>>> print(open('work27.tsv').read())   # TSV, C-alpha atoms (C1' of nucleotides)
chain	number	residue	atom	x	y	z
A	1	MET	CA	171.64	108.26	42.21
A	2	ALA	CA	171.34	111.08	40.11
A	3	SER	CA	174.80	111.04	39.04
A	4	ASP	CA	174.25	110.02	35.62
A	5	THR	CA	172.85	112.06	33.02
A	6	ASP	CA	170.20	114.51	33.28
A	7	HIS	CA	170.28	118.12	33.03
A	8	PRO	CA	171.17	118.30	29.43
A	9	ALA	CA	170.72	121.91	29.14
A	10	GLY	CA	170.31	122.16	32.69
A	11	ALA	CA	172.44	124.71	33.99
A	12	THR	CA	174.15	123.73	37.09
A	13	ARG	CA	174.61	120.11	36.97
A	14	PRO	CA	176.00	118.15	39.80
A	15	ALA	CA	178.20	116.39	37.41
A	16	PRO	CA	180.84	114.89	39.64
A	17	SER	CA	180.51	111.26	40.61
A	18	ASP	CA	178.65	110.46	43.77
A	19	GLY	CA	181.88	109.72	45.51
A	20	GLU	CA	183.43	113.03	44.67
A	21	PHE	CA	180.27	114.88	45.43
A	22	ALA	CA	179.95	113.30	48.85
A	23	ALA	CA	183.65	113.68	49.59
A	24	GLY	CA	183.59	117.35	48.67
A	25	LEU	CA	180.58	117.96	50.83
A	26	ARG	CA	182.05	116.04	53.72
A	27	ILE	CA	185.29	117.97	53.71
A	28	ALA	CA	183.62	121.33	53.27
A	29	ILE	CA	181.33	120.64	56.22
A	30	LEU	CA	184.15	119.42	58.44
A	31	ARG	CA	186.22	122.51	57.81
A	32	LEU	CA	183.39	124.96	58.16
A	33	ALA	CA	182.32	123.31	61.40
A	34	ARG	CA	185.87	123.73	62.70
A	35	ARG	CA	185.82	127.39	61.92
A	36	LEU	CA	182.42	127.98	63.39
A	37	ARG	CA	183.33	126.18	66.57
A	38	VAL	CA	186.36	128.32	67.10
A	39	GLU	CA	184.83	131.64	66.17
A	40	ARG	CA	182.65	131.89	69.18
A	41	GLY	CA	181.57	135.06	70.78
A	42	ASP	CA	182.62	135.77	74.29
A	43	GLU	CA	179.32	135.19	76.03
A	44	SER	CA	180.75	131.89	77.15
A	45	LEU	CA	178.12	129.87	75.38
A	46	THR	CA	179.64	127.07	73.36
A	47	LEU	CA	178.27	126.20	69.96
A	48	SER	CA	176.39	123.16	71.25
A	49	GLN	CA	174.93	125.08	74.15
A	50	LEU	CA	173.83	127.86	71.86
A	51	SER	CA	172.21	125.41	69.50
A	52	ALA	CA	170.38	123.70	72.34
A	53	LEU	CA	169.24	127.03	73.77
A	54	ALA	CA	167.89	127.99	70.37
A	55	SER	CA	165.98	124.72	70.17
A	56	LEU	CA	164.65	125.28	73.67
A	57	GLU	CA	163.41	128.70	72.71
A	58	GLN	CA	161.68	127.24	69.70
A	59	LEU	CA	160.15	124.28	71.49
A	60	GLY	CA	159.06	126.11	74.58
A	61	SER	CA	159.05	124.06	77.78
A	62	CYS	CA	160.05	120.48	77.18
A	63	SER	CA	161.72	117.48	78.73
A	64	PRO	CA	165.44	116.75	78.47
A	65	THR	CA	164.67	113.82	76.23
A	66	GLU	CA	162.66	115.95	73.85
A	67	LEU	CA	165.46	118.46	73.69
A	68	ALA	CA	167.96	115.69	73.03
A	69	GLU	CA	165.81	114.46	70.18
A	70	ALA	CA	165.51	117.91	68.70
A	71	GLU	CA	169.28	118.26	68.76
A	72	ARG	CA	169.82	114.70	67.61
A	73	VAL	CA	172.08	113.79	70.47
A	74	GLN	CA	171.78	111.14	73.16
A	75	PRO	CA	170.17	112.04	76.51
A	76	PRO	CA	173.39	111.93	78.53
A	77	SER	CA	174.94	114.46	76.18
A	78	MET	CA	171.98	116.74	76.69
A	79	THR	CA	172.19	116.36	80.46
A	80	ARG	CA	175.51	118.13	80.43
A	81	VAL	CA	174.38	120.87	78.08
A	82	ILE	CA	171.33	121.55	80.22
A	83	ALA	CA	173.44	121.63	83.35
A	84	ALA	CA	175.64	124.28	81.77
A	85	LEU	CA	172.66	126.35	80.65
A	86	GLU	CA	171.18	126.10	84.13
A	87	ALA	CA	174.43	127.08	85.79
A	88	HIS	CA	174.50	130.21	83.64
A	89	GLY	CA	170.90	131.00	84.49
A	90	TYR	CA	169.79	130.66	80.89
A	91	ALA	CA	167.42	127.77	81.56
A	92	VAL	CA	165.45	126.50	84.54
A	93	ARG	CA	164.30	123.09	85.55
A	94	ALA	CA	160.98	122.32	87.20
A	95	PRO	CA	159.38	119.05	88.22
A	96	HIS	CA	156.71	117.68	85.93
A	97	GLU	CA	153.24	118.02	87.40
A	98	ARG	CA	152.14	114.43	87.27
A	99	ASP	CA	155.09	112.30	86.39
A	100	ARG	CA	157.81	112.82	88.90
A	101	ARG	CA	160.38	111.06	86.78
A	102	GLN	CA	160.28	113.83	84.26
A	103	ALA	CA	161.76	117.29	84.37
A	104	VAL	CA	160.51	120.32	82.52
A	105	ILE	CA	163.12	122.63	81.07
A	106	ALA	CA	162.43	126.20	80.04
A	107	ILE	CA	164.40	129.15	78.76
A	108	THR	CA	164.68	132.19	81.03
A	109	ALA	CA	164.41	135.85	80.10
A	110	GLU	CA	168.15	136.07	80.54
A	111	GLY	CA	168.48	133.10	78.22
A	112	ARG	CA	166.53	134.91	75.56
A	113	ARG	CA	168.62	138.00	75.98
A	114	VAL	CA	171.85	136.08	75.69
A	115	LEU	CA	170.55	134.20	72.70
A	116	ASP	CA	169.87	137.43	70.86
A	117	GLU	CA	173.10	139.02	71.89
A	118	THR	CA	175.20	135.99	71.16
A	119	ARG	CA	173.62	135.60	67.78
A	120	ARG	CA	174.78	139.05	66.92
A	121	LEU	CA	178.26	138.69	68.36
A	122	ARG	CA	178.83	135.28	67.00
A	123	ASN	CA	177.73	136.10	63.56
A	124	ALA	CA	180.44	138.67	63.23
A	125	TRP	CA	182.87	136.30	61.64
A	126	ILE	CA	180.37	134.70	59.38
A	127	ALA	CA	178.89	138.02	58.37
A	128	GLN	CA	182.30	139.26	57.39
A	129	ALA	CA	182.98	136.12	55.43
A	130	LEU	CA	179.62	136.36	53.76
A	131	GLY	CA	180.43	139.90	52.84
A	132	GLU	CA	183.20	138.71	50.59
A	133	LEU	CA	180.97	136.46	48.58
A	134	SER	CA	179.41	137.59	45.37
A	135	ALA	CA	175.67	138.07	45.12
A	136	LYS	CA	175.49	134.91	43.10
A	137	GLU	CA	177.39	132.90	45.66
A	138	LEU	CA	175.19	134.24	48.43
A	139	ALA	CA	172.12	133.18	46.52
A	140	GLN	CA	173.58	129.73	45.95
A	141	LEU	CA	174.35	129.41	49.62
A	142	ALA	CA	170.90	130.59	50.64
A	143	ALA	CA	169.30	128.04	48.37
A	144	ALA	CA	171.41	125.27	49.85
A	145	ILE	CA	170.75	125.93	53.52
A	146	PRO	CA	167.38	124.20	53.63
A	147	VAL	CA	168.85	121.31	51.69
A	148	LEU	CA	171.66	120.99	54.22
A	149	ALA	CA	169.13	121.11	57.02
A	150	ARG	CA	167.09	118.34	55.42
A	151	LEU	CA	170.21	116.27	55.00
A	152	ALA	CA	171.04	116.66	58.67
A	153	GLU	CA	167.58	115.49	59.64
A	154	ARG	CA	167.99	112.10	58.06
B	1	MET	CA	161.61	125.76	51.17
B	2	ALA	CA	162.67	125.52	47.75
B	3	SER	CA	160.63	128.51	47.38
B	4	ASP	CA	163.47	130.19	45.91
B	5	THR	CA	162.21	132.12	43.10
B	6	ASP	CA	164.63	134.67	43.70
B	7	HIS	CA	166.35	137.27	41.99
B	8	PRO	CA	165.03	137.37	38.54
B	9	ALA	CA	167.93	138.78	36.93
B	10	GLY	CA	169.55	141.05	39.26
B	11	ALA	CA	170.28	138.47	41.75
B	12	THR	CA	170.95	140.54	44.67
B	13	ARG	CA	170.43	139.63	48.12
B	14	PRO	CA	169.40	136.51	49.82
B	15	ALA	CA	166.43	137.85	51.54
B	16	PRO	CA	166.75	136.86	55.17
B	17	SER	CA	168.57	139.19	57.48
B	18	ASP	CA	172.24	138.52	57.91
B	19	GLY	CA	171.61	137.29	61.40
B	20	GLU	CA	169.05	134.73	60.39
B	21	PHE	CA	171.05	133.70	57.40
B	22	ALA	CA	174.15	133.16	59.48
B	23	ALA	CA	172.25	131.44	62.28
B	24	GLY	CA	170.60	129.04	59.87
B	25	LEU	CA	173.88	128.23	58.22
B	26	ARG	CA	175.60	127.76	61.56
B	27	ILE	CA	173.04	125.33	62.86
B	28	ALA	CA	172.81	123.37	59.63
B	29	ILE	CA	176.58	122.97	59.57
B	30	LEU	CA	176.78	121.94	63.22
B	31	ARG	CA	174.18	119.24	62.80
B	32	LEU	CA	175.50	117.91	59.52
B	33	ALA	CA	178.99	117.76	60.98
B	34	ARG	CA	177.64	115.74	63.89
B	35	ARG	CA	176.06	113.26	61.54
B	36	LEU	CA	179.09	112.96	59.32
B	37	ARG	CA	181.37	112.44	62.26
B	38	VAL	CA	179.28	109.58	63.54
B	39	GLU	CA	178.62	107.91	60.23
B	40	ARG	CA	182.10	106.70	59.68
B	41	GLY	CA	183.01	103.66	57.73
B	42	ASP	CA	184.76	100.85	59.47
B	43	GLU	CA	188.21	101.34	58.08
B	44	SER	CA	189.08	102.89	61.41
B	45	LEU	CA	189.99	106.22	59.90
B	46	THR	CA	188.35	109.06	61.76
B	47	LEU	CA	186.94	112.01	59.88
B	48	SER	CA	189.89	114.24	60.73
B	49	GLN	CA	192.38	111.60	59.75
B	50	LEU	CA	190.60	110.97	56.49
B	51	SER	CA	190.54	114.66	55.70
B	52	ALA	CA	194.25	115.00	56.45
B	53	LEU	CA	195.08	111.96	54.36
B	54	ALA	CA	193.13	113.43	51.46
B	55	SER	CA	195.08	116.67	51.80
B	56	LEU	CA	198.31	114.73	51.93
B	57	GLU	CA	197.42	112.93	48.73
B	58	GLN	CA	196.67	116.22	47.08
B	59	LEU	CA	199.74	118.04	48.32
B	60	GLY	CA	202.18	115.24	47.77
B	61	SER	CA	205.11	115.14	50.18
B	62	CYS	CA	205.05	117.99	52.65
B	63	SER	CA	205.99	119.01	56.15
B	64	PRO	CA	203.72	118.62	59.16
B	65	THR	CA	203.34	122.38	59.31
B	66	GLU	CA	202.25	122.56	55.70
B	67	LEU	CA	199.71	119.86	56.30
B	68	ALA	CA	198.44	121.65	59.41
B	69	GLU	CA	198.02	124.79	57.36
B	70	ALA	CA	196.17	122.96	54.64
B	71	GLU	CA	193.80	121.54	57.23
B	72	ARG	CA	193.60	124.80	59.16
B	73	VAL	CA	194.56	123.29	62.45
B	74	GLN	CA	197.44	124.01	64.79
B	75	PRO	CA	200.66	121.99	64.47
B	76	PRO	CA	200.19	120.02	67.71
B	77	SER	CA	196.82	118.83	66.48
B	78	MET	CA	198.38	117.64	63.25
B	79	THR	CA	201.14	115.85	65.14
B	80	ARG	CA	198.54	113.49	66.56
B	81	VAL	CA	196.79	112.94	63.28
B	82	ILE	CA	200.05	112.14	61.52
B	83	ALA	CA	201.04	109.75	64.28
B	84	ALA	CA	197.78	107.87	63.78
B	85	LEU	CA	198.22	107.74	60.00
B	86	GLU	CA	201.77	106.50	60.46
B	87	ALA	CA	200.70	103.85	62.95
B	88	HIS	CA	198.22	102.54	60.41
B	89	GLY	CA	200.84	102.52	57.68
B	90	TYR	CA	198.98	105.09	55.61
B	91	ALA	CA	201.73	107.69	55.76
B	92	VAL	CA	205.48	107.66	56.21
B	93	ARG	CA	207.88	110.15	57.66
B	94	ALA	CA	211.36	110.83	56.32
B	95	PRO	CA	213.99	113.34	57.36
B	96	HIS	CA	214.29	116.47	55.24
B	97	GLU	CA	217.38	116.42	53.10
B	98	ARG	CA	218.97	119.63	54.20
B	99	ASP	CA	217.07	120.96	57.18
B	100	ARG	CA	217.13	118.41	59.91
B	101	ARG	CA	214.47	120.18	61.91
B	102	GLN	CA	211.92	119.33	59.30
B	103	ALA	CA	210.16	116.09	58.55
B	104	VAL	CA	208.74	115.07	55.21
B	105	ILE	CA	205.44	113.26	55.26
B	106	ALA	CA	204.12	111.23	52.36
B	107	ILE	CA	201.15	109.02	51.67
B	108	THR	CA	201.81	105.32	51.09
B	109	ALA	CA	200.30	103.01	48.48
B	110	GLU	CA	198.26	101.49	51.27
B	111	GLY	CA	197.14	104.98	52.21
B	112	ARG	CA	195.90	105.59	48.70
B	113	ARG	CA	194.07	102.31	48.68
B	114	VAL	CA	192.38	103.01	51.99
B	115	LEU	CA	191.51	106.49	50.87
B	116	ASP	CA	189.69	105.15	47.84
B	117	GLU	CA	188.03	102.38	49.73
B	118	THR	CA	187.00	104.55	52.63
B	119	ARG	CA	185.58	107.12	50.31
B	120	ARG	CA	183.27	104.50	48.94
B	121	LEU	CA	182.32	102.95	52.25
B	122	ARG	CA	181.89	106.14	54.03
B	123	ASN	CA	179.75	107.73	51.47
B	124	ALA	CA	177.09	105.12	51.94
B	125	TRP	CA	175.10	107.19	54.36
B	126	ILE	CA	175.45	110.38	52.49
B	127	ALA	CA	174.71	108.73	49.17
B	128	GLN	CA	171.50	107.35	50.59
B	129	ALA	CA	170.56	110.72	51.98
B	130	LEU	CA	171.41	112.38	48.69
B	131	GLY	CA	169.23	109.85	46.95
B	132	GLU	CA	166.21	111.27	48.66
B	133	LEU	CA	166.81	114.74	47.40
B	134	SER	CA	165.20	116.00	44.24
B	135	ALA	CA	167.29	116.80	41.21
B	136	LYS	CA	166.78	120.44	41.94
B	137	GLU	CA	167.97	120.11	45.52
B	138	LEU	CA	170.98	118.16	44.38
B	139	ALA	CA	171.84	120.90	41.95
B	140	GLN	CA	171.46	123.52	44.67
B	141	LEU	CA	173.71	121.54	46.93
B	142	ALA	CA	176.31	121.03	44.23
B	143	ALA	CA	176.36	124.72	43.49
B	144	ALA	CA	176.87	125.52	47.15
B	145	ILE	CA	179.78	123.19	47.84
B	146	PRO	CA	182.47	125.43	46.38
B	147	VAL	CA	180.93	128.36	48.21
B	148	LEU	CA	181.08	126.46	51.49
B	149	ALA	CA	184.67	125.55	50.75
B	150	ARG	CA	185.55	129.19	50.12
B	151	LEU	CA	183.87	130.18	53.32
B	152	ALA	CA	185.92	127.66	55.25
B	153	GLU	CA	189.11	129.05	53.76
B	154	ARG	CA	188.60	132.45	55.26
C	1	DT	C1'	217.51	134.17	68.35
C	2	DA	C1'	214.17	132.13	65.17
C	3	DT	C1'	212.03	128.06	63.33
C	4	DT	C1'	210.18	123.21	63.31
C	5	DG	C1'	208.14	120.03	65.63
C	6	DT	C1'	206.75	117.42	69.92
C	7	DT	C1'	205.07	116.77	74.69
C	8	DA	C1'	202.09	118.07	78.46
C	9	DT	C1'	197.81	119.51	79.62
C	10	DA	C1'	193.08	120.85	79.32
C	11	DC	C1'	188.52	121.60	77.48
C	12	DT	C1'	184.47	120.63	74.28
C	13	DC	C1'	181.49	117.32	72.42
C	14	DT	C1'	179.72	113.12	72.14
C	15	DA	C1'	178.85	108.21	73.05
C	16	DT	C1'	177.68	103.69	75.68
C	17	DA	C1'	176.89	101.30	79.95
C	18	DA	C1'	175.28	101.16	84.39
C	19	DC	C1'	172.60	103.12	87.94
C	20	DT	C1'	168.45	105.60	90.48
C	21	DA	C1'	163.87	106.94	90.97
C	22	DT	C1'	159.37	106.64	89.53
C	23	DA	C1'	155.59	104.56	86.96
D	1	DT	C1'	159.22	95.61	84.04
D	2	DA	C1'	159.51	99.91	81.53
D	3	DT	C1'	160.64	104.76	81.30
D	4	DA	C1'	163.12	109.32	82.39
D	5	DG	C1'	167.05	110.93	83.69
D	6	DT	C1'	171.82	111.03	85.72
D	7	DT	C1'	176.51	109.37	86.71
D	8	DA	C1'	180.69	107.11	85.27
D	9	DT	C1'	183.75	106.51	81.84
D	10	DA	C1'	185.95	106.86	77.38
D	11	DG	C1'	187.51	108.59	73.03
D	12	DA	C1'	187.75	112.13	69.15
D	13	DG	C1'	189.23	116.57	68.18
D	14	DT	C1'	191.25	120.62	69.14
D	15	DA	C1'	193.87	124.35	71.55
D	16	DT	C1'	197.70	126.82	74.24
D	17	DA	C1'	202.04	126.69	76.68
D	18	DA	C1'	206.40	124.89	77.34
D	19	DC	C1'	210.12	122.32	75.59
D	20	DA	C1'	213.89	120.24	72.38
D	21	DA	C1'	216.57	120.21	68.35
D	22	DT	C1'	218.36	122.54	64.65
D	23	DA	C1'	219.31	126.63	61.91
>>> encode(input="work27.tsv", output="structure tokens")
Amino acid sequence: MASDTDHPAGATRPAPSDGEFAAGLRIAILRLARRLRVERGDESLTLSQLSALASLEQLGSCSPTELAEAERVQPPSMTRVIAALEAHGYAVRAPHERDRRQAVIAITAEGRRVLDETRRLRNAWIAQALGELSAKELAQLAAAIPVLARLAER
Amino acid sequence: MASDTDHPAGATRPAPSDGEFAAGLRIAILRLARRLRVERGDESLTLSQLSALASLEQLGSCSPTELAEAERVQPPSMTRVIAALEAHGYAVRAPHERDRRQAVIAITAEGRRVLDETRRLRNAWIAQALGELSAKELAQLAAAIPVLARLAER
DNA sequence: TATTGTTATACTCTATAACTATA
DNA sequence: TATAGTTATAGAGTATAACAATA
């Protein structure tokens, strides 16, 4: 892929070999994920729960399976996340109208509140870190976020 | 999005609010980390072990504490990683010459070989995913990697 | 007493396999 | 039989607290 060539005059060039490129990305992601997992606010929502709650807010009411698919995890993993959200009162479960095998999950008002509040609290670390980046670095990061998201979707 | 455009010359500010920016980054990192953790080669090195072995190669001989610091984990976590690397024959432990409290860890030839091989194997998924990105997206990603790395160092 | 490292323990996150209830 | 979901179980990854050996 791409490695070779191109971008003669092209500015940024991803020069390094595919292997180095991928290795660098892999390590950077691993380490950042470690940091983000640890730097959690105190609202008692873990990173996975927060992510699922955010997906739930976006999707609106949905089934556990749909939520699992949105988060790209297996259903049993989502079962536990939903149970935690329910226990906190951030999500509710209702029976599906016609198909009694299915459950319908929805975010609660309290869930929305916590989502907003946690976003603020939890971003403290990242905001501070971002603050130490140059404008150029910030722009580079901003440009890369959608690319990272696309990569994660594959 | 690719919209970019951005910052003609001045390059200031990555438009979205800090909160959205941070939230987007957080979620993208979480999901990519999930994928990378799962898509491991078959050399039986886990992502954390691979990362530690790469640091060990870079640092040369060092103490467990130094390696833990390089990886930004606590010493007890590194103890387990080192034990796994040792069990596989990818690292060796020797007593420190003067201070008998310390241990000196070093990568073995076999460790180097596995590191190279695993890098290739393990990058299969990511290389394929990268292959579907445009040259522009690749360049954006490449530009962001050192920024992500800096962020993780904080 | 201070430092280096390990052991004991626990929690998060995730998976696969097997099971239940419903269709 | 097929589908939606849960329970049981396991393993990776990490942390804190308590301990041992050495300085």
>>> residues_around(input="work27.tsv", residues="range 18-20 of chain D", least_positions_apart="6", cutoff="9 Å", atoms="only C-alpha atoms (C1' of nucleotides)", output="short mmCIF file (atom, residue, chain, number, x, y, z; two decimals) with C-alpha atoms (C1' of nucleotides), in the frame of the given file")
data_model
loop_
_atom_site.label_atom_id
_atom_site.label_comp_id
_atom_site.auth_asym_id
_atom_site.auth_seq_id
_atom_site.Cartn_x
_atom_site.Cartn_y
_atom_site.Cartn_z
"C1'" DG C 5 208.14 120.03 65.63
"C1'" DT C 6 206.75 117.42 69.92
"C1'" DT C 7 205.07 116.77 74.69
"C1'" DA C 8 202.09 118.07 78.46
#
>>> atom_distance(input="work27.tsv", atom1="CA of Ile29 in chain A", atom2="CA of Glu132 in chain A")
19.0 Å
>>> closest_atom_pairs(input="work27.tsv", of="chain D", to="chain A", cutoff="8 Å", atoms="only C-alpha atoms (C1' of nucleotides)", output="Markdown table")
| residue | atom | partner | partner_atom | distance |
| --- | --- | --- | --- | --- |
| D:DA4 | C1' | A:Arg101 | CA | 5.5 |
| D:DG5 | C1' | A:Arg101 | CA | 7.4 |
| D:DT6 | C1' | A:Pro76 | CA | 7.4 |
>>> atom_distance(input="work27.tsv", atom1="CA of Ala106 in chain B", atom2="C1' of DA12 in chain D")
23.5 Å
>>> calpha_fit_rmsd(input="work27.tsv", fixed="chain B", moving="chain A")
3.5 Å
>>> atom_distance(input="work27.tsv", atom1="CA of Glu137 in chain B", atom2="CA of Leu151 in chain A")
10.5 Å
>>> closest_residue(input="work27.tsv", among="B:Met78, B:Leu47, B:Cys62, B:Ala54", to="Val104 in chain B", atoms="only C-alpha atoms")
B:Cys62
>>> closest_residue(input="work27.tsv", among="A:Gly89, A:Gly24, A:Pro95, A:Gly60", to="chain B", atoms="all atoms listed in the file")
A:Gly24
>>> interface_residues(input="work27.tsv", of="chain C", to="chain A", cutoff="8 Å", atoms="all atoms listed in the file", output="PyMOL selection string")
chain C and resi 13-15+21-23
>>> interface_residues(input="work27.tsv", of="chain B", to="chain A", cutoff="8 Å", atoms="all atoms listed in the file", output="JSON, numbers by chain")
{"B": [1, 2, 4, 11, 12, 13, 14, 18, 19, 21, 22, 23, 24, 25, 26, 27, 28, 29, 30, 31, 32, 33, 35, 36, 51, 71, 72, 119, 120, 123, 126, 127, 129, 130, 131, 135, 137, 138, 139, 140, 141, 142, 143, 144, 145, 147, 148, 149, 151, 152, 154]}
>>> residues_near_point(input="work27.tsv", point="(218.7, 125.3, 68.7)", cutoff="10 Å", atoms="all atoms listed in the file", output="PDB file with C-alpha atoms (C1' of nucleotides), in the coordinates of the input")
ATOM      1  CA  ARG B 101     214.470 120.180  61.910  1.00  0.00           C
TER       2      ARG B 101
ATOM      3  C1'  DT C   1     217.510 134.170  68.350  1.00  0.00           C
ATOM      4  C1'  DA C   2     214.170 132.130  65.170  1.00  0.00           C
ATOM      5  C1'  DT C   3     212.030 128.060  63.330  1.00  0.00           C
TER       6       DT C   3
ATOM      7  C1'  DA D  20     213.890 120.240  72.380  1.00  0.00           C
ATOM      8  C1'  DA D  21     216.570 120.210  68.350  1.00  0.00           C
ATOM      9  C1'  DT D  22     218.360 122.540  64.650  1.00  0.00           C
ATOM     10  C1'  DA D  23     219.310 126.630  61.910  1.00  0.00           C
TER      11       DA D  23
END
>>> residues_around(input="work27.tsv", residues="DA10 in chain C", least_positions_apart="2", cutoff="12 Å", atoms="all atoms listed in the file", output="PyMOL selection string")
(chain C and resi 8+12) or (chain D and resi 14-17)
>>> write_last_selection(input="work27.tsv", atoms="C-alpha atoms (C1' of nucleotides)", output="compact mmCIF listing (two decimals), keeping the file's coordinate frame")
# COMPACT_ATOMS: atom_id res chain seq x y z
C1' DA C 8 202.09 118.07 78.46
C1' DT C 12 184.47 120.63 74.28
C1' DT D 14 191.25 120.62 69.14
C1' DA D 15 193.87 124.35 71.55
C1' DT D 16 197.70 126.82 74.24
C1' DA D 17 202.04 126.69 76.68
